[in-house]
Structure formats: structure tokens, C-alpha cells
$ cat upload36.pdb   # PDB, C-alpha atoms, pLDDT in the B column
ATOM      1  CA  LEU A 140     -72.784  12.468 -28.690  1.00 30.00           C
ATOM      2  CA  ASN A 141     -74.009  16.040 -28.414  1.00 34.00           C
ATOM      3  CA  GLU A 142     -73.234  18.564 -31.167  1.00 35.00           C
ATOM      4  CA  ARG A 143     -71.566  21.748 -29.906  1.00 35.00           C
ATOM      5  CA  PRO A 144     -71.034  25.117 -31.641  1.00 37.00           C
ATOM      6  CA  GLY A 145     -68.161  24.987 -34.109  1.00 39.00           C
ATOM      7  CA  GLY A 146     -68.910  21.409 -35.085  1.00 38.00           C
ATOM      8  CA  LYS A 147     -67.272  19.839 -32.034  1.00 37.00           C
ATOM      9  CA  CYS A 148     -68.908  16.851 -30.407  1.00 36.00           C
ATOM     10  CA  ARG A 149     -68.883  16.225 -26.720  1.00 33.00           C
ATOM     11  CA  SER A 150     -70.161  13.181 -24.884  1.00 33.00           C
ATOM     12  CA  ARG A 151     -72.565  13.220 -21.965  1.00 34.00           C
ATOM     13  CA  LEU A 152     -69.747  12.104 -19.664  1.00 33.00           C
ATOM     14  CA  ASP A 153     -67.525  14.953 -20.881  1.00 34.00           C
ATOM     15  CA  VAL A 154     -70.224  17.433 -19.908  1.00 35.00           C
ATOM     16  CA  ARG A 155     -70.473  15.885 -16.470  1.00 35.00           C
ATOM     17  CA  ALA A 156     -66.737  16.069 -16.058  1.00 36.00           C
ATOM     18  CA  THR A 157     -66.951  19.877 -16.066  1.00 37.00           C
ATOM     19  CA  LEU A 158     -68.563  19.442 -12.628  1.00 38.00           C
ATOM     20  CA  SER A 159     -65.250  18.825 -11.010  1.00 42.00           C
ATOM     21  CA  ASP A 160     -65.951  16.617  -8.002  1.00 66.00           C
ATOM     22  CA  ASP A 161     -67.004  13.055  -7.266  1.00 82.00           C
ATOM     23  CA  ASN A 162     -70.628  14.106  -6.847  1.00 92.00           C
ATOM     24  CA  ARG A 163     -71.086  15.340 -10.414  1.00 93.00           C
ATOM     25  CA  VAL A 164     -73.873  12.787 -11.083  1.00 95.00           C
ATOM     26  CA  LEU A 165     -75.789  14.225  -8.130  1.00 97.00           C
ATOM     27  CA  LYS A 166     -75.165  17.810  -9.221  1.00 96.00           C
ATOM     28  CA  VAL A 167     -76.331  17.069 -12.753  1.00 96.00           C
ATOM     29  CA  ALA A 168     -79.473  15.506 -11.268  1.00 97.00           C
ATOM     30  CA  GLY A 169     -80.036  18.601  -9.146  1.00 97.00           C
ATOM     31  CA  LYS A 170     -79.547  21.007 -12.034  1.00 96.00           C
ATOM     32  CA  SER A 171     -82.029  18.991 -14.107  1.00 96.00           C
ATOM     33  CA  ILE A 172     -84.697  19.754 -11.508  1.00 96.00           C
ATOM     34  CA  THR A 173     -83.878  23.435 -10.989  1.00 95.00           C
ATOM     35  CA  GLY A 174     -83.774  24.119 -14.744  1.00 93.00           C
ATOM     36  CA  GLN A 175     -80.025  24.833 -14.880  1.00 93.00           C
ATOM     37  CA  LEU A 176     -79.081  21.859 -17.062  1.00 91.00           C
ATOM     38  CA  PRO A 177     -78.775  22.240 -20.865  1.00 90.00           C
ATOM     39  CA  THR A 178     -81.458  20.255 -22.687  1.00 87.00           C
ATOM     40  CA  SER A 179     -78.720  18.441 -24.591  1.00 88.00           C
ATOM     41  CA  VAL A 180     -77.494  16.788 -21.378  1.00 90.00           C
ATOM     42  CA  ALA A 181     -79.346  13.685 -20.235  1.00 92.00           C
ATOM     43  CA  ARG A 182     -80.674  13.463 -16.709  1.00 94.00           C
ATOM     44  CA  PRO A 183     -79.003  10.632 -14.740  1.00 95.00           C
ATOM     45  CA  LYS A 184     -81.128   7.572 -14.083  1.00 96.00           C
ATOM     46  CA  PRO A 185     -82.671   7.497 -10.606  1.00 95.00           C
ATOM     47  CA  GLN A 186     -80.710   4.372  -9.714  1.00 94.00           C
ATOM     48  CA  GLU A 187     -77.429   6.171 -10.547  1.00 95.00           C
ATOM     49  CA  VAL A 188     -78.442   8.928  -8.165  1.00 96.00           C
ATOM     50  CA  ALA A 189     -79.453   6.525  -5.405  1.00 95.00           C
ATOM     51  CA  THR A 190     -76.255   4.508  -5.716  1.00 94.00           C
ATOM     52  CA  ARG A 191     -74.069   7.589  -5.356  1.00 95.00           C
ATOM     53  CA  MET A 192     -76.116   8.840  -2.391  1.00 96.00           C
ATOM     54  CA  VAL A 193     -75.541   5.567  -0.550  1.00 95.00           C
ATOM     55  CA  GLU A 194     -71.818   5.789  -1.338  1.00 95.00           C
ATOM     56  CA  VAL A 195     -71.592   9.361  -0.040  1.00 95.00           C
ATOM     57  CA  GLU A 196     -73.379   8.435   3.177  1.00 96.00           C
ATOM     58  CA  ALA A 197     -70.949   5.560   3.783  1.00 95.00           C
ATOM     59  CA  GLU A 198     -67.936   7.777   3.031  1.00 95.00           C
ATOM     60  CA  ARG A 199     -69.125  10.467   5.415  1.00 96.00           C
ATOM     61  CA  LYS A 200     -69.768   7.936   8.179  1.00 96.00           C
ATOM     62  CA  ARG A 201     -66.298   6.457   7.815  1.00 96.00           C
ATOM     63  CA  ALA A 202     -64.776   9.932   8.003  1.00 96.00           C
ATOM     64  CA  LYS A 203     -67.005  10.891  10.963  1.00 96.00           C
ATOM     65  CA  ALA A 204     -67.652  14.114   9.060  1.00 96.00           C
ATOM     66  CA  ARG A 205     -69.627  16.988  10.534  1.00 96.00           C
ATOM     67  CA  THR A 206     -72.135  18.855   8.368  1.00 96.00           C
ATOM     68  CA  ASP A 207     -71.642  22.623   8.081  1.00 95.00           C
ATOM     69  CA  ILE A 208     -74.900  24.067   9.370  1.00 94.00           C
ATOM     70  CA  SER A 209     -74.194  27.423   7.733  1.00 95.00           C
ATOM     71  CA  LEU A 210     -74.474  25.767   4.303  1.00 96.00           C
ATOM     72  CA  LEU A 211     -77.770  24.143   5.251  1.00 95.00           C
ATOM     73  CA  THR A 212     -79.316  27.431   6.338  1.00 96.00           C
ATOM     74  CA  SER A 213     -78.003  29.588   3.478  1.00 94.00           C
ATOM     75  CA  GLY A 214     -80.893  29.736   1.046  1.00 94.00           C
ATOM     76  CA  GLN A 215     -83.696  27.407   0.052  1.00 97.00           C
ATOM     77  CA  TRP A 216     -83.505  23.753  -0.969  1.00 98.00           C
ATOM     78  CA  ARG A 217     -85.589  21.916  -3.551  1.00 98.00           C
ATOM     79  CA  VAL A 218     -86.335  18.206  -3.249  1.00 98.00           C
ATOM     80  CA  CYS A 219     -84.965  16.498  -6.361  1.00 98.00           C
ATOM     81  CA  ALA A 220     -84.936  12.752  -5.892  1.00 97.00           C
ATOM     82  CA  ILE A 221     -86.171  10.254  -3.322  1.00 95.00           C
ATOM     83  CA  ASN A 222     -84.786   6.840  -2.470  1.00 93.00           C
ATOM     84  CA  PRO A 223     -87.480   5.530  -0.120  1.00 89.00           C
ATOM     85  CA  LYS A 224     -87.246   2.637   2.238  1.00 78.00           C
ATOM     86  CA  ARG A 225     -88.909  -0.183   0.337  1.00 63.00           C
ATOM     87  CA  LYS A 226     -92.500  -0.634   1.372  1.00 60.00           C
ATOM     88  CA  LYS A 227     -95.935  -0.944  -0.131  1.00 60.00           C
ATOM     89  CA  ARG A 228     -97.909   2.270  -0.459  1.00 56.00           C
ATOM     90  CA  SER A 229    -101.646   2.734  -0.175  1.00 60.00           C
ATOM     91  CA  GLY A 230    -104.223   5.492  -0.435  1.00 61.00           C
ATOM     92  CA  PRO A 231    -103.131   8.775  -2.081  1.00 54.00           C
ATOM     93  CA  LEU A 232     -99.482   7.661  -2.059  1.00 54.00           C
ATOM     94  CA  ALA A 233    -100.195   4.555  -4.125  1.00 58.00           C
ATOM     95  CA  ALA A 234     -99.388   6.462  -7.341  1.00 54.00           C
ATOM     96  CA  LEU A 235     -95.782   6.937  -6.253  1.00 52.00           C
ATOM     97  CA  PRO A 236     -93.290   4.175  -7.067  1.00 51.00           C
ATOM     98  CA  ALA A 237     -93.298   1.560  -4.321  1.00 54.00           C
ATOM     99  CA  ASP A 238     -89.648   0.634  -4.608  1.00 61.00           C
ATOM    100  CA  GLY A 239     -87.976   3.804  -5.829  1.00 72.00           C
ATOM    101  CA  PRO A 240     -85.740   5.586  -6.368  1.00 92.00           C
ATOM    102  CA  TYR A 241     -87.486   8.310  -8.363  1.00 95.00           C
ATOM    103  CA  TYR A 242     -87.368  12.001  -9.161  1.00 96.00           C
ATOM    104  CA  PHE A 243     -89.816  13.935  -7.004  1.00 95.00           C
ATOM    105  CA  PRO A 244     -92.836  14.720  -9.209  1.00 94.00           C
ATOM    106  CA  VAL A 245     -93.922  18.075  -7.705  1.00 95.00           C
ATOM    107  CA  ARG A 246     -92.115  21.224  -6.622  1.00 97.00           C
ATOM    108  CA  ALA A 247     -91.164  20.999  -2.959  1.00 98.00           C
ATOM    109  CA  GLN A 248     -88.870  23.584  -1.375  1.00 98.00           C
ATOM    110  CA  GLN A 249     -87.589  23.859   2.161  1.00 98.00           C
ATOM    111  CA  THR A 250     -86.153  26.665   4.245  1.00 98.00           C
ATOM    112  CA  ILE A 251     -84.284  25.962   7.481  1.00 98.00           C
ATOM    113  CA  THR A 252     -83.100  28.517  10.016  1.00 97.00           C
ATOM    114  CA  PHE A 253     -81.172  28.090  13.262  1.00 96.00           C
ATOM    115  CA  GLY A 254     -80.044  30.524  15.904  1.00 93.00           C
ATOM    116  CA  SER A 255     -76.875  30.456  17.997  1.00 89.00           C
ATOM    117  CA  ASP A 256     -78.535  27.957  20.358  1.00 92.00           C
ATOM    118  CA  ASP A 257     -79.201  25.465  17.520  1.00 95.00           C
ATOM    119  CA  GLU A 258     -82.945  26.079  17.832  1.00 96.00           C
ATOM    120  CA  GLY A 259     -84.847  27.254  14.771  1.00 96.00           C
ATOM    121  CA  THR A 260     -87.630  26.761  12.242  1.00 97.00           C
ATOM    122  CA  PHE A 261     -88.355  24.294   9.455  1.00 98.00           C
ATOM    123  CA  ASN A 262     -90.555  25.569   6.594  1.00 98.00           C
ATOM    124  CA  ASN A 263     -91.561  22.828   4.151  1.00 98.00           C
ATOM    125  CA  GLY A 264     -93.588  23.930   1.113  1.00 98.00           C
ATOM    126  CA  VAL A 265     -95.205  22.043  -1.774  1.00 97.00           C
ATOM    127  CA  PHE A 266     -96.251  24.014  -4.862  1.00 97.00           C
ATOM    128  CA  TRP A 267     -98.477  22.769  -7.655  1.00 95.00           C
ATOM    129  CA  GLY A 268     -99.906  25.266 -10.144  1.00 95.00           C
ATOM    130  CA  PRO A 269    -101.934  27.837  -8.197  1.00 96.00           C
ATOM    131  CA  LEU A 270    -101.801  25.771  -5.002  1.00 97.00           C
ATOM    132  CA  SER A 271     -99.203  26.169  -2.294  1.00 97.00           C
ATOM    133  CA  PHE A 272     -99.153  24.253   0.961  1.00 98.00           C
ATOM    134  CA  ARG A 273     -96.656  24.810   3.746  1.00 98.00           C
ATOM    135  CA  LEU A 274     -95.956  23.041   6.996  1.00 98.00           C
ATOM    136  CA  ILE A 275     -94.012  25.148   9.486  1.00 98.00           C
ATOM    137  CA  GLY A 276     -92.685  24.304  12.911  1.00 98.00           C
ATOM    138  CA  PRO A 277     -89.824  24.334  15.393  1.00 97.00           C
ATOM    139  CA  ALA A 278     -86.562  22.541  14.671  1.00 97.00           C
ATOM    140  CA  ARG A 279     -83.441  21.664  16.610  1.00 97.00           C
ATOM    141  CA  TRP A 280     -79.936  20.924  15.318  1.00 97.00           C
ATOM    142  CA  VAL A 281     -78.000  18.079  16.979  1.00 97.00           C
ATOM    143  CA  PRO A 282     -74.443  18.686  15.680  1.00 96.00           C
ATOM    144  CA  GLU A 283     -72.792  15.502  16.884  1.00 96.00           C
ATOM    145  CA  ARG A 284     -75.288  13.494  14.805  1.00 96.00           C
ATOM    146  CA  ASN A 285     -75.758  15.902  11.866  1.00 97.00           C
ATOM    147  CA  ARG A 286     -79.439  15.644  12.714  1.00 98.00           C
ATOM    148  CA  MET A 287     -82.356  18.044  12.500  1.00 98.00           C
ATOM    149  CA  GLU A 288     -85.220  17.125  14.811  1.00 98.00           C
ATOM    150  CA  PHE A 289     -88.498  18.905  14.180  1.00 97.00           C
ATOM    151  CA  THR A 290     -92.254  18.962  14.307  1.00 97.00           C
ATOM    152  CA  PHE A 291     -94.925  20.953  12.492  1.00 97.00           C
ATOM    153  CA  ALA A 292     -96.992  23.470  14.426  1.00 97.00           C
ATOM    154  CA  LYS A 293     -99.062  25.049  11.663  1.00 97.00           C
ATOM    155  CA  ALA A 294    -100.155  24.548   8.081  1.00 98.00           C
ATOM    156  CA  GLU A 295    -100.690  27.292   5.504  1.00 98.00           C
ATOM    157  CA  LEU A 296    -102.719  26.921   2.306  1.00 98.00           C
ATOM    158  CA  ARG A 297    -102.903  29.361  -0.604  1.00 97.00           C
ATOM    159  CA  ILE A 298    -105.013  28.986  -3.740  1.00 97.00           C
ATOM    160  CA  GLY A 299    -103.942  31.529  -6.326  1.00 96.00           C
ATOM    161  CA  PRO A 300    -104.670  34.966  -4.875  1.00 95.00           C
ATOM    162  CA  PHE A 301    -106.711  33.522  -2.002  1.00 97.00           C
ATOM    163  CA  GLY A 302    -105.223  32.918   1.404  1.00 93.00           C
ATOM    164  CA  PRO A 303    -103.242  32.210   3.348  1.00 95.00           C
ATOM    165  CA  PHE A 304    -105.595  29.897   5.222  1.00 97.00           C
ATOM    166  CA  ASN A 305    -103.893  28.794   8.437  1.00 97.00           C
ATOM    167  CA  PHE A 306    -104.516  25.632  10.422  1.00 96.00           C
ATOM    168  CA  ASP A 307    -103.052  24.071  13.546  1.00 96.00           C
ATOM    169  CA  ALA A 308    -100.875  21.109  12.628  1.00 93.00           C
ATOM    170  CA  GLY A 309     -99.397  20.037  15.953  1.00 90.00           C
ATOM    171  CA  GLU A 310     -97.455  21.197  18.960  1.00 89.00           C
ATOM    172  CA  SER A 311     -95.608  24.516  18.915  1.00 92.00           C
ATOM    173  CA  SER A 312     -92.619  23.326  20.957  1.00 94.00           C
ATOM    174  CA  ILE A 313     -90.198  20.405  20.919  1.00 96.00           C
ATOM    175  CA  ALA A 314     -88.743  21.188  24.352  1.00 94.00           C
ATOM    176  CA  GLY A 315     -88.212  18.049  26.378  1.00 93.00           C
ATOM    177  CA  LYS A 316     -88.629  15.773  23.374  1.00 94.00           C
ATOM    178  CA  THR A 317     -85.978  13.635  21.719  1.00 92.00           C
ATOM    179  CA  ALA A 318     -85.506  11.736  18.471  1.00 93.00           C
ATOM    180  CA  LYS A 319     -87.591   8.952  20.002  1.00 93.00           C
ATOM    181  CA  ASP A 320     -90.577  11.319  19.909  1.00 94.00           C
ATOM    182  CA  LEU A 321     -89.878  13.474  16.845  1.00 96.00           C
ATOM    183  CA  PRO A 322     -89.387  13.110  13.100  1.00 96.00           C
ATOM    184  CA  PHE A 323     -85.858  13.946  11.986  1.00 97.00           C
ATOM    185  CA  PHE A 324     -83.513  14.206   9.031  1.00 98.00           C
ATOM    186  CA  THR A 325     -79.844  13.293   9.249  1.00 98.00           C
ATOM    187  CA  TRP A 326     -78.120  15.674   6.845  1.00 98.00           C
ATOM    188  CA  PHE A 327     -75.085  13.594   5.974  1.00 97.00           C
ATOM    189  CA  TYR A 328     -73.868  15.867   3.168  1.00 97.00           C
ATOM    190  CA  VAL A 329     -74.324  19.560   2.326  1.00 97.00           C
ATOM    191  CA  ASP A 330     -72.343  21.837   0.039  1.00 96.00           C
ATOM    192  CA  ASP A 331     -73.237  25.053  -1.803  1.00 94.00           C
ATOM    193  CA  GLU A 332     -75.086  23.185  -4.584  1.00 96.00           C
ATOM    194  CA  ILE A 333     -76.591  19.967  -3.228  1.00 97.00           C
ATOM    195  CA  ALA A 334     -77.627  18.363   0.051  1.00 98.00           C
ATOM    196  CA  MET A 335     -78.572  14.844   1.103  1.00 98.00           C
ATOM    197  CA  SER A 336     -80.469  13.494   4.068  1.00 98.00           C
ATOM    198  CA  ARG A 337     -81.833  10.277   5.515  1.00 97.00           C
ATOM    199  CA  GLY A 338     -85.122  10.452   7.388  1.00 96.00           C
ATOM    200  CA  ARG A 339     -86.278   8.647  10.481  1.00 94.00           C
ATOM    201  CA  THR A 340     -88.176   6.086   8.385  1.00 91.00           C
ATOM    202  CA  GLY A 341     -85.021   5.203   6.440  1.00 93.00           C
ATOM    203  CA  GLY A 342     -85.657   6.979   3.138  1.00 94.00           C
ATOM    204  CA  MET A 343     -83.045   9.204   1.501  1.00 96.00           C
ATOM    205  CA  ALA A 344     -83.467  12.470  -0.394  1.00 97.00           C
ATOM    206  CA  LEU A 345     -81.360  14.609  -2.709  1.00 98.00           C
ATOM    207  CA  TYR A 346     -81.859  18.391  -2.690  1.00 98.00           C
ATOM    208  CA  ALA A 347     -80.561  21.169  -4.939  1.00 98.00           C
ATOM    209  CA  LYS A 348     -79.974  24.772  -3.904  1.00 97.00           C
ATOM    210  CA  VAL A 349     -82.732  26.953  -5.354  1.00 97.00           C
ATOM    211  CA  PRO A 350     -81.268  29.556  -7.725  1.00 95.00           C
ATOM    212  CA  PRO A 351     -81.442  33.193  -6.529  1.00 92.00           C
ATOM    213  CA  GLY A 352     -84.767  34.784  -7.301  1.00 92.00           C
ATOM    214  CA  GLU A 353     -86.653  31.473  -7.448  1.00 92.00           C
ATOM    215  CA  GLU A 354     -87.274  31.055  -3.730  1.00 93.00           C
ATOM    216  CA  LEU A 355     -90.925  30.499  -2.787  1.00 91.00           C
TER     217      LEU A 355
END
$ encode --input "upload36.pdb" --output "C-alpha cells"
Amino acid sequence: LNERPGGKCRSRLDVRATLSDDNRVLKVAGKSITGQLPTSVARPKPQEVATRMVEVEAERKRAKARTDISLLTSGQWRVCAINPKRKKRSGPLAALPADGPYYFPVRAQQTITFGSDDEGTFNNGVFWGPLSFRLIGPARWVPERNRMEFTFAKAELRIGPFGPFNFDAGESSIAGKTAKDLPFFTWFYVDDEIAMSRGRTGGMALYAKVPPGEEL
């Protein structure tokens, strides 16, 4: 139990219940990453988060629900938790849990834009102390599949006040290419607080909307 002002006690589940929809576990997880969760409230276990993500994906598939692209492109999204496809990792990735799920250990924020023709840009940044690294490239929205296909055309590195240092990262166009050729995310759920996707390799991710003023 958590002590509240006035001597009243309130359980962890009571606090979650103030988030008034079925995805409150996911929203609590998101707020724990973006710094919006009171320290008295426990962060959900990664397996709780992963279980609910799988349930949401199944519910959305049964309903044949379409994702609202305007929600996806309104603001910046921070990666909160990963539920990877189970596989053994090697090299620099060996330090990450092999079986997942887990909370993402570094700050990663994404910005997505699309025009009226469903063509746009995907900006994927990782930030660690004075270092920032972005991959930026063209993206395409496939509405009937809730899918964003993309590639990365350039990389941008900053070290404190130095930079940006820009590098070529790939092709600048995805014209003529399909999901057979490109990485993609299927955004099976997006609202004004959280988003969820499944990638081409089978892993799932939970994102939280970045609070105003904290975009990078």
C-alpha cells in the first residue's frame, strides 16, 4: 500500500485504475519511462507489458481495426519496452536480454511525418549522455495493413557541442520497392499516449508520447 496525503492508503492497482481504459498497464509503463509516473507507483513487470501487447494485437486483428495516422504523426514517440522475437544475440547486442521482454535501456525517440500521398520521413534517434545518433530516411504508409515501410538514407552524429557529422546510410528513395525489400513496422495500436508496433523480424515495441518540451 502507498501512503497518500491525509493518511489515506491506496493500492498500486487503485492508482492504475485512474487510467481509465484496458491499456492502463501499458500507459503506466510508458509514464515510467517518460518520467510522468509518481515514484510511489511501481513500474509493471516487463512480462505484464508484453502479455498485454500481444492481447491488444490480437484484439485489433479480430476487429480489422485501422490505425489513425494522424495520431502517429502528432509529436514524438519514445521507445519504452521491447518484446523481441526469441533468438540468441552476439557481438555488441549480447548485453541485451536474449529472450526479453525488457525495458529499453537508452533514450530512443522517433519522429514520423507523412504527406497527403502517404509518403514521408522516419527520423530515429538514440541519445546517451552527450552523444546523439540519428538515422533518417524515406517512409511510406500502407493504410490497409497499418504498416510503415522505410529505409535509412543518412546518419547524423553529434558529440556534445560538436557536429552534426553526416554520413550516407543507404538509398534515398524507396520507390519501386515493397515490404519484401524494406524494413517495416506494423503499427497495430496508436492513441494520444501510447503506440505499439511489430517489426519485420517479429519483435514488438511499446512507445510513449514524449511530453511537450522534451522532444529531441
$ residues_around --input "upload36.pdb" --residues "A:Glu332" --least-positions-apart "3" --cutoff "10 Å" --atoms "all atoms listed in the file" --output "list in words"
Leu165, Lys166, Gly169, Lys170, Leu210, Trp216, Val329, Tyr346, Ala347, Lys348, Val349 and Pro350 of chain A
$ resolve_selection --input "upload36.pdb" --expression "the PyMOL selection byres ((chain A and resi 260-277) around 12)" --output "ChimeraX atom specification"
/A:211-212,214-218,243-254,257-259,278-280,287-314,316,321-324,354-355
$ resolve_selection --input "upload36.pdb" --expression "the PyMOL selection byres ((chain A and resi 207) around 10)" --output "count of residues only"
15
$ atom_distance --input "upload36.pdb" --atom1 "atom CA of A:Ala318" --atom2 "atom CA of A:Val281"
9.9 Å
$ closest_residue --input "upload36.pdb" --among "A:Gln175, A:Gly338, A:Ile333, A:Ser213" --to "A:Arg286" --atoms "only C-alpha atoms"
A:Gly338
$ atom_distance --input "upload36.pdb" --atom1 "atom CA of A:Gln186" --atom2 "atom CA of A:Glu353"
27.8 Å
$ atom_distance --input "upload36.pdb" --atom1 "atom CA of A:Pro223" --atom2 "atom CA of A:Gly341"
7.0 Å
$ residues_around --input "upload36.pdb" --residues "A:Lys184" --least-positions-apart "2" --cutoff "10 Å" --atoms "all atoms listed in the file" --output "VMD selection string"
chain A and resid 164 168 181 to 182 186 to 189 240 to 242
$ closest_residue --input "upload36.pdb" --among "A:Thr190, A:Thr325, A:Ser255, A:Asn222" --to "A:Arg339" --atoms "all atoms listed in the file"
A:Thr325
$ resolve_selection --input "upload36.pdb" --expression "the PyMOL selection byres ((chain A and resi 344) around 8)" --output "list in words"
Val218, Cys219, Ala220, Ile221, Asn222, Met335, Ser336, Arg337, Gly342, Met343, Leu345 and Tyr346 of chain A
$ decode --input "upload36.pdb" --residues "stretch 308-322 of chain A" --atoms "N, CA, C and O atoms" --output "mmCIF file, in the first residue's frame"
data_model
loop_
_atom_site.group_PDB
_atom_site.id
_atom_site.type_symbol
_atom_site.label_atom_id
_atom_site.label_comp_id
_atom_site.auth_asym_id
_atom_site.auth_seq_id
_atom_site.Cartn_x
_atom_site.Cartn_y
_atom_site.Cartn_z
ATOM 1 N N ALA A 308 23.839 6.473 -45.325
ATOM 2 C CA ALA A 308 23.447 5.237 -44.652
ATOM 3 C C ALA A 308 22.716 4.269 -45.574
ATOM 4 O O ALA A 308 22.438 3.138 -45.183
ATOM 5 N N GLY A 309 22.402 4.710 -46.777
ATOM 6 C CA GLY A 309 21.667 3.829 -47.691
ATOM 7 C C GLY A 309 21.057 4.618 -48.822
ATOM 8 O O GLY A 309 21.495 5.725 -49.137
ATOM 9 N N GLU A 310 20.029 4.056 -49.412
ATOM 10 C CA GLU A 310 19.395 4.665 -50.572
ATOM 11 C C GLU A 310 18.420 5.765 -50.144
ATOM 12 O O GLU A 310 17.791 5.674 -49.089
ATOM 13 N N SER A 311 18.291 6.781 -50.981
ATOM 14 C CA SER A 311 17.469 7.938 -50.638
ATOM 15 C C SER A 311 16.030 7.799 -51.092
ATOM 16 O O SER A 311 15.217 8.690 -50.845
ATOM 17 N N SER A 312 15.674 6.685 -51.739
ATOM 18 C CA SER A 312 14.321 6.506 -52.237
ATOM 19 C C SER A 312 13.864 5.065 -52.015
ATOM 20 O O SER A 312 14.679 4.134 -52.047
ATOM 21 N N ILE A 313 12.567 4.901 -51.776
ATOM 22 C CA ILE A 313 12.000 3.557 -51.678
ATOM 23 C C ILE A 313 11.035 3.289 -52.835
ATOM 24 O O ILE A 313 10.300 2.308 -52.814
ATOM 25 N N ALA A 314 11.055 4.148 -53.833
ATOM 26 C CA ALA A 314 10.179 3.987 -54.997
ATOM 27 C C ALA A 314 10.453 2.643 -55.663
ATOM 28 O O ALA A 314 11.607 2.254 -55.871
ATOM 29 N N GLY A 315 9.398 1.943 -55.988
ATOM 30 C CA GLY A 315 9.533 0.661 -56.660
ATOM 31 C C GLY A 315 9.846 -0.508 -55.752
ATOM 32 O O GLY A 315 9.925 -1.645 -56.218
ATOM 33 N N LYS A 316 10.008 -0.239 -54.459
ATOM 34 C CA LYS A 316 10.320 -1.314 -53.520
ATOM 35 C C LYS A 316 9.091 -1.652 -52.683
ATOM 36 O O LYS A 316 8.205 -0.819 -52.490
ATOM 37 N N THR A 317 9.055 -2.872 -52.188
ATOM 38 C CA THR A 317 7.914 -3.335 -51.408
ATOM 39 C C THR A 317 8.413 -3.851 -50.060
ATOM 40 O O THR A 317 9.609 -3.798 -49.750
ATOM 41 N N ALA A 318 7.482 -4.381 -49.281
ATOM 42 C CA ALA A 318 7.832 -4.929 -47.968
ATOM 43 C C ALA A 318 8.776 -6.121 -48.080
ATOM 44 O O ALA A 318 9.430 -6.491 -47.104
ATOM 45 N N LYS A 319 8.861 -6.725 -49.251
ATOM 46 C CA LYS A 319 9.827 -7.805 -49.447
ATOM 47 C C LYS A 319 11.256 -7.280 -49.434
ATOM 48 O O LYS A 319 12.191 -8.018 -49.128
ATOM 49 N N ASP A 320 11.410 -5.979 -49.777
ATOM 50 C CA ASP A 320 12.738 -5.385 -49.884
ATOM 51 C C ASP A 320 13.087 -4.490 -48.701
ATOM 52 O O ASP A 320 14.265 -4.191 -48.486
ATOM 53 N N LEU A 321 12.091 -4.031 -47.948
ATOM 54 C CA LEU A 321 12.296 -2.965 -46.975
ATOM 55 C C LEU A 321 11.996 -3.424 -45.544
ATOM 56 O O LEU A 321 11.156 -4.298 -45.331
ATOM 57 N N PRO A 322 12.661 -2.803 -44.564
ATOM 58 C CA PRO A 322 12.203 -2.984 -43.181
ATOM 59 C C PRO A 322 10.847 -2.303 -43.014
ATOM 60 O O PRO A 322 10.502 -1.383 -43.755
#
